[in-house]
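A.B. asks: Enclosed is the structure file structure.txt (compact mmCIF, C-alpha atoms and all ligand atoms).
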# COMPACT_ATOMS: atom_id res chain seq x y z
CA MET A 1 25.52 -1.25 9.03
CA THR A 2 24.06 1.82 10.73
CA TRP A 3 20.94 3.80 9.83
CA ASP A 4 22.35 7.31 9.56
CA LEU A 5 21.79 7.34 5.83
CA PRO A 6 21.90 10.59 3.84
CA LEU A 7 19.61 8.73 1.43
CA TRP A 8 16.85 8.48 4.07
CA GLN A 9 17.44 12.06 5.24
CA SER A 10 17.18 13.41 1.70
CA LEU A 11 13.71 11.91 1.24
CA LEU A 12 12.29 12.90 4.65
CA PRO A 13 11.25 16.50 3.87
CA VAL A 14 9.42 15.61 0.64
CA GLY A 15 5.66 16.03 1.01
CA ARG A 16 5.76 16.49 4.80
CA ASP A 17 3.20 18.86 6.28
CA PRO A 18 5.04 20.97 8.87
CA ALA A 19 1.83 21.41 10.89
CA THR A 20 1.07 17.70 11.45
CA GLY A 21 4.42 16.08 10.61
CA GLY A 22 2.40 13.76 8.35
CA TYR A 23 3.04 13.06 4.67
CA ARG A 24 0.85 13.81 1.68
CA ARG A 25 2.63 12.19 -1.21
CA TYR A 26 -0.24 11.73 -3.63
CA SER A 27 0.29 10.45 -7.15
CA PHE A 28 1.15 13.00 -9.84
CA THR A 29 1.37 15.95 -7.44
CA GLU A 30 4.39 18.15 -6.73
CA ALA A 31 5.42 15.88 -3.82
CA ASP A 32 5.18 12.86 -6.12
CA SER A 33 7.38 14.56 -8.74
CA ALA A 34 9.97 15.26 -6.05
CA CYS A 35 9.88 11.57 -5.00
CA ARG A 36 10.32 10.53 -8.63
CA GLU A 37 13.26 12.90 -9.04
CA TRP A 38 14.78 11.52 -5.83
CA PHE A 39 14.45 7.98 -7.21
CA PHE A 40 16.14 8.85 -10.53
CA ASN A 41 18.95 10.76 -8.78
CA THR A 42 19.50 7.89 -6.33
CA ALA A 43 19.70 5.42 -9.21
CA ALA A 44 22.05 7.66 -11.21
CA GLU A 45 24.42 8.07 -8.25
CA ARG A 46 24.69 4.27 -8.16
CA LYS A 47 25.03 3.92 -11.93
CA LEU A 48 21.79 1.94 -12.07
CA ARG A 49 19.69 2.18 -15.25
CA ALA A 50 16.43 3.85 -14.23
CA GLU A 51 13.14 3.87 -16.11
CA CYS A 52 9.50 4.75 -15.58
CA ASP A 53 7.32 1.99 -17.03
CA ALA A 54 4.06 2.53 -18.96
CA ASN A 55 2.10 2.37 -15.66
CA GLY A 56 4.09 5.01 -13.81
CA ASN A 57 6.13 2.53 -11.74
CA LEU A 58 9.81 3.37 -11.29
CA TRP A 59 12.58 0.80 -11.79
CA ALA A 60 16.35 0.99 -11.26
CA TRP A 61 18.37 -1.86 -12.75
CA LEU A 62 21.72 -3.40 -12.12
CA ASP A 63 21.98 -5.11 -15.49
CA VAL A 64 23.57 -8.55 -15.52
CA GLY A 65 23.35 -11.15 -18.29
CA SER A 66 20.43 -11.34 -20.66
CA GLY A 67 17.98 -9.33 -18.56
CA ALA A 68 15.79 -12.30 -17.63
CA GLY A 69 15.26 -13.86 -14.20
CA ALA A 70 15.91 -10.73 -12.12
CA VAL A 71 15.70 -10.41 -8.37
CA VAL A 72 13.71 -7.25 -7.60
CA THR A 73 13.14 -5.47 -4.32
CA GLY A 74 11.34 -2.25 -3.41
CA SER A 75 8.01 -0.85 -2.28
CA HIS A 76 6.22 2.48 -2.83
CA LEU A 77 6.81 6.19 -2.16
CA ASP A 78 3.22 7.50 -2.04
CA SER A 79 1.37 7.97 1.25
CA VAL A 80 -2.06 7.98 2.85
CA PRO A 81 -3.35 11.40 4.02
CA ASP A 82 -1.02 12.45 6.85
CA GLY A 83 0.84 9.16 6.63
CA GLY A 84 4.11 8.28 8.31
CA ALA A 85 7.63 8.41 6.94
CA PHE A 86 8.21 4.65 6.88
CA ASP A 87 5.26 2.96 5.14
CA GLY A 88 6.63 2.46 1.63
CA PRO A 89 9.78 4.59 1.62
CA LEU A 90 11.51 2.29 4.14
CA GLY A 91 11.36 -0.48 1.54
CA VAL A 92 12.71 1.68 -1.28
CA VAL A 93 15.50 3.26 0.78
CA SER A 94 16.44 -0.13 2.26
CA ALA A 95 16.59 -1.59 -1.25
CA PHE A 96 19.18 0.99 -2.36
CA ALA A 97 21.00 0.70 0.99
CA ALA A 98 21.20 -3.10 0.67
CA LEU A 99 22.69 -2.74 -2.82
CA ASP A 100 25.22 -0.22 -1.43
CA LEU A 101 26.18 -2.68 1.31
CA LEU A 102 26.56 -5.54 -1.16
CA SER A 103 28.63 -3.51 -3.59
CA GLU A 104 30.92 -2.43 -0.71
CA ARG A 105 31.37 -6.14 -0.04
CA GLY A 106 32.24 -6.64 -3.70
CA TRP A 107 29.34 -8.94 -4.51
CA ARG A 108 28.99 -10.53 -7.92
CA PRO A 109 25.34 -11.14 -8.83
CA VAL A 110 24.83 -13.58 -11.70
CA ARG A 111 21.37 -12.23 -12.56
CA PRO A 112 19.87 -8.73 -12.89
CA VAL A 113 18.88 -6.95 -9.70
CA GLY A 114 16.18 -4.29 -9.65
CA VAL A 115 14.76 -1.68 -7.28
CA VAL A 116 11.13 -0.70 -7.83
CA ALA A 117 8.82 2.02 -6.50
CA PHE A 118 5.20 1.27 -7.38
CA MET A 119 2.74 4.02 -8.34
CA GLU A 120 -0.34 4.82 -6.15
CA GLU A 121 0.00 1.93 -3.70
CA GLU A 122 -2.16 3.55 -1.05
CA GLY A 123 -4.96 4.56 -3.40
CA ALA A 124 -5.10 7.89 -1.54
CA ARG A 125 -5.79 9.96 -4.64
CA PHE A 126 -7.79 7.68 -6.95
CA GLY A 127 -9.39 5.32 -4.43
CA LEU A 128 -7.86 2.09 -5.68
CA ALA A 129 -4.98 0.57 -3.72
CA CYS A 130 -1.94 -0.94 -5.49
CA LEU A 131 -2.96 0.68 -8.77
CA GLY A 132 0.53 0.55 -10.33
CA SER A 133 1.09 -3.13 -9.58
CA LYS A 134 -2.49 -4.01 -10.53
CA LEU A 135 -2.07 -2.37 -13.95
CA LEU A 136 1.29 -4.08 -14.43
CA THR A 137 -0.14 -7.53 -13.69
CA GLY A 138 -3.45 -7.05 -15.51
CA VAL A 139 -5.62 -7.10 -12.38
CA ILE A 140 -7.26 -3.86 -13.52
CA GLU A 141 -8.18 -2.81 -17.06
CA PRO A 142 -6.42 0.31 -18.39
CA ASP A 143 -9.73 2.00 -19.28
CA VAL A 144 -11.02 1.52 -15.75
CA ALA A 145 -7.84 3.08 -14.35
CA ARG A 146 -7.90 5.99 -16.81
CA GLY A 147 -11.46 6.80 -15.76
CA LEU A 148 -10.82 6.87 -12.00
CA THR A 149 -11.23 10.34 -10.54
CA ASP A 150 -9.82 12.11 -7.49
CA SER A 151 -11.89 14.15 -5.01
CA ASP A 152 -11.67 17.21 -7.30
CA GLY A 153 -13.01 15.27 -10.28
CA VAL A 154 -9.61 15.10 -12.03
CA SER A 155 -9.32 11.82 -13.90
CA PHE A 156 -6.35 9.50 -13.53
CA ALA A 157 -5.56 9.99 -17.22
CA GLU A 158 -5.58 13.80 -16.86
CA ALA A 159 -3.42 13.68 -13.72
CA MET A 160 -0.91 11.31 -15.31
CA ALA A 161 -0.69 13.46 -18.45
CA GLY A 162 -0.32 16.53 -16.23
CA ALA A 163 2.77 14.93 -14.69
CA GLY A 164 4.28 14.54 -18.17
CA LEU A 165 3.52 10.81 -18.46
CA ASP A 166 1.49 9.12 -21.19
CA PRO A 167 -1.69 7.39 -19.93
CA GLY A 168 -2.13 5.80 -23.38
CA GLY A 169 0.28 2.95 -22.68
CA LEU A 170 -1.21 1.68 -19.42
CA GLY A 171 -1.58 -2.05 -19.11
CA VAL A 172 -0.22 -5.48 -18.38
CA ASP A 173 3.45 -6.28 -18.95
CA GLY A 174 3.35 -9.74 -20.52
CA ARG A 175 7.09 -10.18 -19.99
CA LEU A 176 7.00 -9.56 -16.25
CA ALA A 177 7.04 -13.21 -15.20
CA ASP A 178 10.08 -13.86 -17.42
CA ARG A 179 11.93 -10.74 -16.43
CA VAL A 180 11.41 -11.07 -12.67
CA ALA A 181 12.23 -14.38 -10.95
CA ALA A 182 11.63 -13.12 -7.41
CA PHE A 183 10.23 -9.99 -5.75
CA ILE A 184 11.08 -9.15 -2.14
CA GLU A 185 9.24 -6.25 -0.48
CA LEU A 186 10.64 -4.92 2.78
CA HIS A 187 8.03 -2.99 4.76
CA VAL A 188 7.66 -1.46 8.20
CA GLU A 189 5.43 -3.70 10.29
CA GLN A 190 1.94 -2.20 10.67
CA GLY A 191 1.24 -3.81 14.00
CA SER A 192 3.38 -4.81 16.97
CA ALA A 193 3.58 -8.60 16.65
CA LEU A 194 7.38 -8.54 16.18
CA ASP A 195 7.84 -6.46 19.31
CA GLY A 196 5.71 -8.93 21.22
CA ILE A 197 8.08 -11.78 20.33
CA GLY A 198 11.29 -9.78 20.60
CA ALA A 199 12.30 -9.99 16.92
CA ASN A 200 13.47 -7.05 14.82
CA VAL A 201 12.73 -8.63 11.43
CA GLY A 202 9.94 -10.97 10.31
CA VAL A 203 9.02 -12.82 7.11
CA GLY A 204 5.56 -12.60 5.50
CA GLU A 205 3.41 -15.71 5.30
CA SER A 206 0.13 -14.38 3.88
CA ILE A 207 -2.04 -11.29 3.48
CA TRP A 208 -5.61 -11.32 4.71
CA PRO A 209 -8.29 -10.86 2.03
CA HIS A 210 -9.52 -7.28 2.15
CA GLY A 211 -11.50 -4.70 0.25
CA ARG A 212 -13.18 -1.30 0.12
CA TRP A 213 -16.87 -0.67 -0.32
CA LEU A 214 -18.54 2.64 -1.13
CA ILE A 215 -21.88 3.01 0.64
CA GLU A 216 -24.13 5.91 -0.49
CA PHE A 217 -27.02 7.09 1.62
CA GLY A 218 -29.55 9.29 -0.22
CA GLY A 219 -31.82 11.58 1.80
CA ARG A 220 -33.39 15.00 1.30
CA ALA A 221 -31.65 18.34 1.82
CA ASP A 222 -33.62 20.51 4.21
CA HIS A 223 -33.44 23.32 6.76
CA ALA A 224 -31.92 22.43 10.17
CA GLY A 225 -34.10 25.02 11.93
CA THR A 226 -37.52 24.49 10.39
CA THR A 227 -37.79 20.81 9.47
CA ARG A 228 -39.51 18.80 12.17
CA LEU A 229 -37.61 15.69 13.28
CA ALA A 230 -40.46 13.49 12.10
CA ASP A 231 -40.32 15.01 8.59
CA ARG A 232 -36.61 14.54 8.03
CA ARG A 233 -34.92 12.13 5.67
CA ASP A 234 -31.43 12.57 7.13
CA PRO A 235 -28.78 10.26 5.59
CA MET A 236 -26.38 10.98 8.47
CA LEU A 237 -28.48 8.83 10.82
CA PRO A 238 -28.19 5.48 8.99
CA TYR A 239 -24.57 6.35 8.24
CA ALA A 240 -23.89 6.72 11.99
CA ALA A 241 -25.70 3.46 12.73
CA THR A 242 -23.66 1.72 10.04
CA ILE A 243 -20.35 2.78 11.58
CA LEU A 244 -21.40 1.33 14.93
CA GLY A 245 -22.79 -1.77 13.25
CA ALA A 246 -19.53 -2.33 11.36
CA ARG A 247 -17.54 -2.15 14.55
CA GLU A 248 -19.84 -4.58 16.32
CA ALA A 249 -19.85 -7.05 13.40
CA ALA A 250 -16.05 -6.95 13.15
CA GLY A 251 -15.78 -7.83 16.83
CA GLU A 252 -18.21 -10.67 16.42
CA PHE A 253 -16.43 -12.14 13.35
CA GLY A 254 -12.89 -11.68 14.74
CA ALA A 255 -12.22 -9.44 11.75
CA LEU A 256 -11.56 -5.74 11.07
CA ALA A 257 -13.91 -3.04 9.78
CA THR A 258 -13.12 0.65 9.50
CA MET A 259 -15.17 3.62 8.29
CA SER A 260 -12.86 6.61 8.22
CA LYS A 261 -13.62 8.32 4.93
CA VAL A 262 -16.88 10.20 4.48
CA ALA A 263 -18.28 12.93 2.26
CA ALA A 264 -21.39 14.77 3.45
CA VAL A 265 -23.27 16.40 0.55
CA PRO A 266 -23.54 19.36 0.50
CA GLY A 267 -22.17 19.46 4.05
CA GLY A 268 -23.52 22.69 5.54
CA ALA A 269 -23.64 23.03 9.34
CA ASN A 270 -27.19 24.42 9.35
CA GLY A 271 -28.75 22.03 6.88
CA ILE A 272 -29.68 18.38 6.58
CA CYS A 273 -27.52 16.56 4.02
CA SER A 274 -28.95 15.33 0.76
CA ALA A 275 -26.48 12.44 0.67
CA VAL A 276 -23.64 10.81 2.55
CA ARG A 277 -20.94 8.86 0.80
CA ALA A 278 -19.03 6.59 3.16
CA TRP A 279 -16.33 4.01 2.67
CA LEU A 280 -16.01 0.68 4.47
CA ASP A 281 -12.61 -1.00 4.68
CA ALA A 282 -13.00 -4.63 5.76
CA ARG A 283 -10.45 -7.41 6.32
CA ALA A 284 -10.61 -10.94 7.69
CA ALA A 285 -8.47 -14.06 7.93
CA ASP A 286 -10.44 -15.82 5.17
CA GLU A 287 -12.85 -14.82 2.38
CA ASP A 288 -15.94 -16.51 3.81
CA THR A 289 -15.59 -14.51 7.01
CA LEU A 290 -14.96 -11.32 5.05
CA ASN A 291 -18.03 -11.86 2.87
CA ALA A 292 -20.19 -12.57 5.90
CA LEU A 293 -18.90 -9.46 7.65
CA VAL A 294 -19.60 -7.18 4.70
CA ALA A 295 -23.04 -8.71 4.14
CA ARG A 296 -23.87 -8.04 7.80
CA VAL A 297 -22.73 -4.40 7.59
CA LEU A 298 -24.71 -3.75 4.39
CA GLU A 299 -27.81 -5.44 5.78
CA GLY A 300 -27.60 -3.20 8.84
CA ALA A 301 -27.16 -0.13 6.61
CA ARG A 302 -30.29 -1.03 4.63
CA GLY A 303 -32.32 -1.65 7.77
CA SER A 304 -31.36 1.67 9.30
CA ALA A 305 -31.82 3.55 6.03
CA ASP A 306 -35.38 2.15 5.74
CA GLN A 307 -36.21 3.40 9.22
CA HIS A 308 -35.17 6.91 8.27
CA GLY A 309 -36.68 7.09 4.79
CA VAL A 310 -33.24 7.11 3.23
CA THR A 311 -32.05 5.14 0.19
CA VAL A 312 -28.83 3.16 0.27
CA THR A 313 -26.65 1.70 -2.48
CA SER A 314 -23.27 0.03 -2.21
CA ARG A 315 -20.47 -0.88 -4.55
CA CYS A 316 -17.27 -2.85 -4.04
CA GLU A 317 -14.46 -0.54 -5.18
CA SER A 318 -11.64 -2.98 -4.68
CA PHE A 319 -11.22 -6.52 -3.47
CA THR A 320 -8.02 -8.45 -2.90
CA PRO A 321 -8.30 -12.19 -2.27
CA VAL A 322 -6.14 -13.92 0.31
CA VAL A 323 -2.48 -14.05 -0.72
CA GLU A 324 -0.22 -16.90 0.35
CA PHE A 325 3.37 -15.97 -0.40
CA ASP A 326 5.48 -18.46 -2.37
CA ARG A 327 6.49 -21.17 0.09
CA ASP A 328 9.72 -22.12 -1.65
CA LEU A 329 10.90 -18.51 -1.80
CA ARG A 330 9.90 -17.98 1.82
CA ASP A 331 11.96 -21.02 2.85
CA ARG A 332 14.94 -19.62 0.95
CA VAL A 333 14.50 -16.22 2.64
CA VAL A 334 14.35 -17.85 6.08
CA ALA A 335 17.42 -19.97 5.22
CA ALA A 336 19.38 -16.93 4.00
CA LEU A 337 18.62 -15.13 7.26
CA ALA A 338 19.48 -18.17 9.35
CA GLN A 339 22.90 -18.31 7.65
CA ARG A 340 23.44 -14.78 9.01
CA GLY A 341 22.34 -15.88 12.46
CA VAL A 342 18.95 -14.14 12.18
CA THR A 343 15.92 -16.08 13.38
CA ALA A 344 12.98 -14.38 11.69
CA PRO A 345 9.44 -15.35 12.66
CA VAL A 346 6.91 -15.95 9.88
CA LEU A 347 3.71 -13.84 10.15
CA ALA A 348 0.43 -13.10 8.39
CA THR A 349 -0.64 -9.47 7.92
CA GLY A 350 -3.91 -7.62 7.49
CA ALA A 351 -2.30 -4.90 5.36
CA GLY A 352 -2.34 -5.03 1.55
CA HIS A 353 0.90 -4.59 -0.37
CA ASP A 354 2.14 -4.56 -3.97
CA ALA A 355 3.88 -7.82 -3.05
CA GLY A 356 0.43 -9.36 -2.66
CA VAL A 357 -0.54 -8.25 -6.18
CA LEU A 358 2.71 -9.40 -7.78
CA ALA A 359 2.38 -12.78 -6.04
CA ARG A 360 -0.13 -13.80 -8.75
CA LEU A 361 2.62 -13.86 -11.37
CA VAL A 362 5.97 -13.80 -9.63
CA PRO A 363 7.36 -15.70 -6.61
CA THR A 364 7.12 -13.07 -3.91
CA ALA A 365 8.24 -12.66 -0.31
CA MET A 366 8.06 -9.94 2.32
CA LEU A 367 10.32 -8.80 5.12
CA PHE A 368 8.83 -6.79 8.00
CA VAL A 369 10.81 -4.42 10.18
CA ARG A 370 9.74 -4.08 13.81
CA ASN A 371 7.52 -1.12 14.72
CA ARG A 372 7.55 -0.93 18.51
CA THR A 373 4.28 0.96 18.91
CA GLY A 374 2.58 -0.75 15.97
CA VAL A 375 1.18 2.64 14.88
CA SER A 376 1.02 3.12 11.09
CA HIS A 377 -0.79 5.34 8.57
CA SER A 378 -0.12 8.14 11.05
CA PRO A 379 2.58 10.78 11.59
CA ALA A 380 3.50 8.80 14.74
CA GLU A 381 4.58 5.76 12.67
CA HIS A 382 8.13 4.87 13.70
CA ALA A 383 10.82 2.23 13.47
CA GLU A 384 14.00 2.45 15.54
CA PRO A 385 17.23 3.13 13.59
CA GLU A 386 18.78 -0.14 14.77
CA ASP A 387 15.75 -2.06 13.52
CA CYS A 388 15.90 -0.29 10.14
CA ALA A 389 19.59 -1.22 9.96
CA ALA A 390 18.74 -4.85 10.79
CA GLY A 391 16.19 -4.73 7.97
CA VAL A 392 18.85 -3.64 5.46
CA ASP A 393 21.22 -6.36 6.68
CA ALA A 394 18.47 -8.94 6.29
CA LEU A 395 17.49 -7.70 2.83
CA ALA A 396 21.14 -7.73 1.72
CA ALA A 397 21.50 -11.33 2.93
CA VAL A 398 18.39 -12.34 0.98
CA LEU A 399 19.44 -10.52 -2.22
CA GLU A 400 22.89 -12.07 -2.06
CA HIS A 401 21.40 -15.53 -1.57
CA LEU A 402 18.98 -15.13 -4.49
CA ALA A 403 21.07 -13.16 -6.99
CA CYS A 404 24.50 -14.78 -6.65
CA ARG A 405 23.52 -18.29 -7.65
ZN ZN B 1 2.91 0.38 2.33
Go ahead and render the structure in this file as structure tokens.
Ligand SMILES: [Zn+2]

C.D. replies:
Amino acid sequence: MTWDLPLWQSLLPVGRDPATGGYRRYSFTEADSACREWFFNTAAERKLRAECDANGNLWAWLDVGSGAGAVVTGSHLDSVPDGGAFDGPLGVVSAFAALDLLSERGWRPVRPVGVVAFMEEEGARFGLACLGSKLLTGVIEPDVARGLTDSDGVSFAEAMAGAGLDPGGLGVDGRLADRVAAFIELHVEQGSALDGIGANVGVGESIWPHGRWLIEFGGRADHAGTTRLADRRDPMLPYAATILGAREAAGEFGALATMSKVAAVPGGANGICSAVRAWLDARAADEDTLNALVARVLEGARGSADQHGVTVTSRCESFTPVVEFDRDLRDRVVAALAQRGVTAPVLATGAGHDAGVLARLVPTAMLFVRNRTGVSHSPAEHAEPEDCAAGVDALAAVLEHLACR
């Protein structure tokens, strides 16, 4: 197949900021509504039965048989602030494109096949990644989700209701494990490992454990021009030390630590802040290393805060344990690709995905599409058209293998 799809083109303008070229597709905003409309239209054009579940996740079904034991593929349509075009949407568009390819070939699945777009995967609006899949699988309590707030203080429940959806029905779907026999998420690679080994498609092995921590530094608001240095309780100083400490600790542990989100309160240029709220994103190959890394960063934050007369508190906002994808399903995916002459390497990733959340209840696998620069969560994120086409071919081979027997 080729990657000159009207389907991809039709989604590209939605939520794109013309100034940066980046995407802002936050849950329950205008851009999100347009994505949802695109999903329903795409399903309708293919005569798939589309529905929005109680958690705001979108499903399109090719109904076969009793409705149990489906093969489902898909990803998410929301974005990080100024995200790229591929992270998420590539998996949803490729899912529909693979079904198009298979129906052109006259395939005859013997079980239901579904396409899914999960709600709030990036956690860009409400701070909790994979919210839709976590609600669906019972990883997060509905009341906790309803009470999450965005940066303007709008609660998740209010935002969901504002988009015309009912937040009253949030919660686990007890039938999920019966309804879905396998979930395959295709995703743009968020690194350049595939390029390094000359492969255009890879298969997921595991996801590193990872989490987000909110660190709050409390100081004293004061005048920038009249407060002597010795009299200041400036929360920016331990915050700055913590960023550098996190970077150093990550290097030492062979892990990853990032502090890219910060709120300075009140944030005037000619005043000392009263507080700084900062977020730490940390990831490592195993949980012991991750825990040691985070403990080191928080210890450093406390030490520096003490020096500057600043208080510090921290809270884990989300934590995802290591995920090992289903070995049997992975072997079947690799075998299906090999039958098509595709040798796909098996790789671990440091990026979280809905597939990692679903893996608790449903046999789950991932396909990665080569990203030559490795850049992601940026307007510069890119995958070559021929690699996207190879991804669709691979996904179609896997769906055919899983759904036709
Ligand atoms: Zn993603």

A.B. asks: Take the point (2.3, -10.5, -1.9) in the file's coordinates, draw a sphere of radius 7 Å around it, and report as a ChimeraX atom specification every protein, DNA or RNA residue with an atom inside or on it, counting all atoms listed in the file.

C.D. replies: /A:207,323,325,353-359,364-365

A.B. asks: Measure the distance from atom CA of A:Ala285 to atom CA of A:Leu77 in Å and round it to one decimal.

C.D. replies: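 Between these atoms lies a distance of 27.3 Å.
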
A.B. asks: Residues of chain A that approach ligand ZN 1 (chain B) to 12 Å or less, counting only C-alpha atoms and all ligand atoms: could you list each one with the shortest pair of atoms and its distance in Å to one decimal, rows by chain and increasing residue number, as JSON lines?

C.D. replies:
{"residue": "A:Gly74", "atom": "CA", "partner": "B:ZN1", "partner_atom": "ZN", "distance": 10.5}
{"residue": "A:Ser75", "atom": "CA", "partner": "B:ZN1", "partner_atom": "ZN", "distance": 7.0}
{"residue": "A:His76", "atom": "CA", "partner": "B:ZN1", "partner_atom": "ZN", "distance": 6.5}
{"residue": "A:Leu77", "atom": "CA", "partner": "B:ZN1", "partner_atom": "ZN", "distance": 8.3}
{"residue": "A:Asp78", "atom": "CA", "partner": "B:ZN1", "partner_atom": "ZN", "distance": 8.4}
{"residue": "A:Ser79", "atom": "CA", "partner": "B:ZN1", "partner_atom": "ZN", "distance": 7.8}
{"residue": "A:Val80", "atom": "CA", "partner": "B:ZN1", "partner_atom": "ZN", "distance": 9.1}
{"residue": "A:Gly83", "atom": "CA", "partner": "B:ZN1", "partner_atom": "ZN", "distance": 10.0}
{"residue": "A:Gly84", "atom": "CA", "partner": "B:ZN1", "partner_atom": "ZN", "distance": 10.0}
{"residue": "A:Ala85", "atom": "CA", "partner": "B:ZN1", "partner_atom": "ZN", "distance": 10.4}
{"residue": "A:Phe86", "atom": "CA", "partner": "B:ZN1", "partner_atom": "ZN", "distance": 8.2}
{"residue": "A:Asp87", "atom": "CA", "partner": "B:ZN1", "partner_atom": "ZN", "distance": 4.5}
{"residue": "A:Gly88", "atom": "CA", "partner": "B:ZN1", "partner_atom": "ZN", "distance": 4.3}
{"residue": "A:Pro89", "atom": "CA", "partner": "B:ZN1", "partner_atom": "ZN", "distance": 8.1}
{"residue": "A:Leu90", "atom": "CA", "partner": "B:ZN1", "partner_atom": "ZN", "distance": 9.0}
{"residue": "A:Gly91", "atom": "CA", "partner": "B:ZN1", "partner_atom": "ZN", "distance": 8.5}
{"residue": "A:Val92", "atom": "CA", "partner": "B:ZN1", "partner_atom": "ZN", "distance": 10.5}
{"residue": "A:Ala117", "atom": "CA", "partner": "B:ZN1", "partner_atom": "ZN", "distance": 10.8}
{"residue": "A:Phe118", "atom": "CA", "partner": "B:ZN1", "partner_atom": "ZN", "distance": 10.0}
{"residue": "A:Met119", "atom": "CA", "partner": "B:ZN1", "partner_atom": "ZN", "distance": 11.3}
{"residue": "A:Glu120", "atom": "CA", "partner": "B:ZN1", "partner_atom": "ZN", "distance": 10.1}
{"residue": "A:Glu121", "atom": "CA", "partner": "B:ZN1", "partner_atom": "ZN", "distance": 6.9}
{"residue": "A:Glu122", "atom": "CA", "partner": "B:ZN1", "partner_atom": "ZN", "distance": 6.9}
{"residue": "A:Gly123", "atom": "CA", "partner": "B:ZN1", "partner_atom": "ZN", "distance": 10.6}
{"residue": "A:Ala124", "atom": "CA", "partner": "B:ZN1", "partner_atom": "ZN", "distance": 11.6}
{"residue": "A:Ala129", "atom": "CA", "partner": "B:ZN1", "partner_atom": "ZN", "distance": 9.9}
{"residue": "A:Cys130", "atom": "CA", "partner": "B:ZN1", "partner_atom": "ZN", "distance": 9.3}
{"residue": "A:Glu185", "atom": "CA", "partner": "B:ZN1", "partner_atom": "ZN", "distance": 9.6}
{"residue": "A:Leu186", "atom": "CA", "partner": "B:ZN1", "partner_atom": "ZN", "distance": 9.4}
{"residue": "A:His187", "atom": "CA", "partner": "B:ZN1", "partner_atom": "ZN", "distance": 6.6}
{"residue": "A:Val188", "atom": "CA", "partner": "B:ZN1", "partner_atom": "ZN", "distance": 7.8}
{"residue": "A:Glu189", "atom": "CA", "partner": "B:ZN1", "partner_atom": "ZN", "distance": 9.3}
{"residue": "A:Gln190", "atom": "CA", "partner": "B:ZN1", "partner_atom": "ZN", "distance": 8.8}
{"residue": "A:Thr349", "atom": "CA", "partner": "B:ZN1", "partner_atom": "ZN", "distance": 11.9}
{"residue": "A:Gly350", "atom": "CA", "partner": "B:ZN1", "partner_atom": "ZN", "distance": 11.7}
{"residue": "A:Ala351", "atom": "CA", "partner": "B:ZN1", "partner_atom": "ZN", "distance": 8.0}
{"residue": "A:Gly352", "atom": "CA", "partner": "B:ZN1", "partner_atom": "ZN", "distance": 7.6}
{"residue": "A:His353", "atom": "CA", "partner": "B:ZN1", "partner_atom": "ZN", "distance": 6.0}
{"residue": "A:Asp354", "atom": "CA", "partner": "B:ZN1", "partner_atom": "ZN", "distance": 8.0}
{"residue": "A:Ala355", "atom": "CA", "partner": "B:ZN1", "partner_atom": "ZN", "distance": 9.9}
{"residue": "A:Gly356", "atom": "CA", "partner": "B:ZN1", "partner_atom": "ZN", "distance": 11.2}
{"residue": "A:Met366", "atom": "CA", "partner": "B:ZN1", "partner_atom": "ZN", "distance": 11.5}
{"residue": "A:Phe368", "atom": "CA", "partner": "B:ZN1", "partner_atom": "ZN", "distance": 10.9}
{"residue": "A:Ser376", "atom": "CA", "partner": "B:ZN1", "partner_atom": "ZN", "distance": 9.4}
{"residue": "A:His377", "atom": "CA", "partner": "B:ZN1", "partner_atom": "ZN", "distance": 8.8}
{"residue": "A:Glu381", "atom": "CA", "partner": "B:ZN1", "partner_atom": "ZN", "distance": 11.8}

A.B. asks: What's around A:Arg179 at 12 Å? Count only C-alpha atoms, leave out sequence neighbours fewer than 5 positions away in its own chain, and write the answer as a list in words.

C.D. replies: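 In the requested form, the answer reads Trp61, Asp63, Val64, Gly65, Ser66, Gly67, Ala68, Gly69, Ala70, Val71, Val72, Arg111, Pro112, Val113, Gly114, Asp173, Gly174, Leu361, Val362 and Pro363 of chain A.
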
A.B. asks: Could you put an axis-aligned box around every listed atom of stretch 49-55 of chain A, padded by 8 Å on each side, and send me its centre and edge lengths in Å to one decimal, as JSON?

C.D. replies:
{"center_x": 10.9, "center_y": 3.4, "center_z": -16.6, "size_x": 33.6, "size_y": 18.8, "size_z": 20.7}

A.B. asks: Give me, please, the distance in Å between atom CA of A:Pro238 and atom CA of A:Pro266, quoted to one decimal.

C.D. replies: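 Those two atoms sit 16.9 Å apart.
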
A.B. asks: Just the number, please: distance in Å from atom CA of A:Thr311 to atom CA of A:Trp213, one decimal.

C.D. replies: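 Rounded to one decimal, the two atoms are 16.3 Å apart.
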
A.B. asks: Let me make sure I understand: among A:Ser192, A:Asn57, A:Thr42, A:Gln339, which one has the smallest atom-to-atom distance to A:Asn371 if we use all atoms listed in the file?

C.D. replies: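 The answer is A:Ser192, which sits nearest to A:Asn371.
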
A.B. asks: Using all atoms listed in the file, which residue out of A:Arg212, A:Arg372, A:Arg360, A:Arg232 lies closest to A:Leu136?

C.D. replies: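 So, comparing all the options, the nearest one is A:Arg360.
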
A.B. asks: Have a look at A:Val201, A:Val294, A:Leu367, A:Ala98 and name the one nearest to A:Glu384; count all atoms listed in the file.

C.D. replies: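 The closest residue to A:Glu384 is A:Val201.
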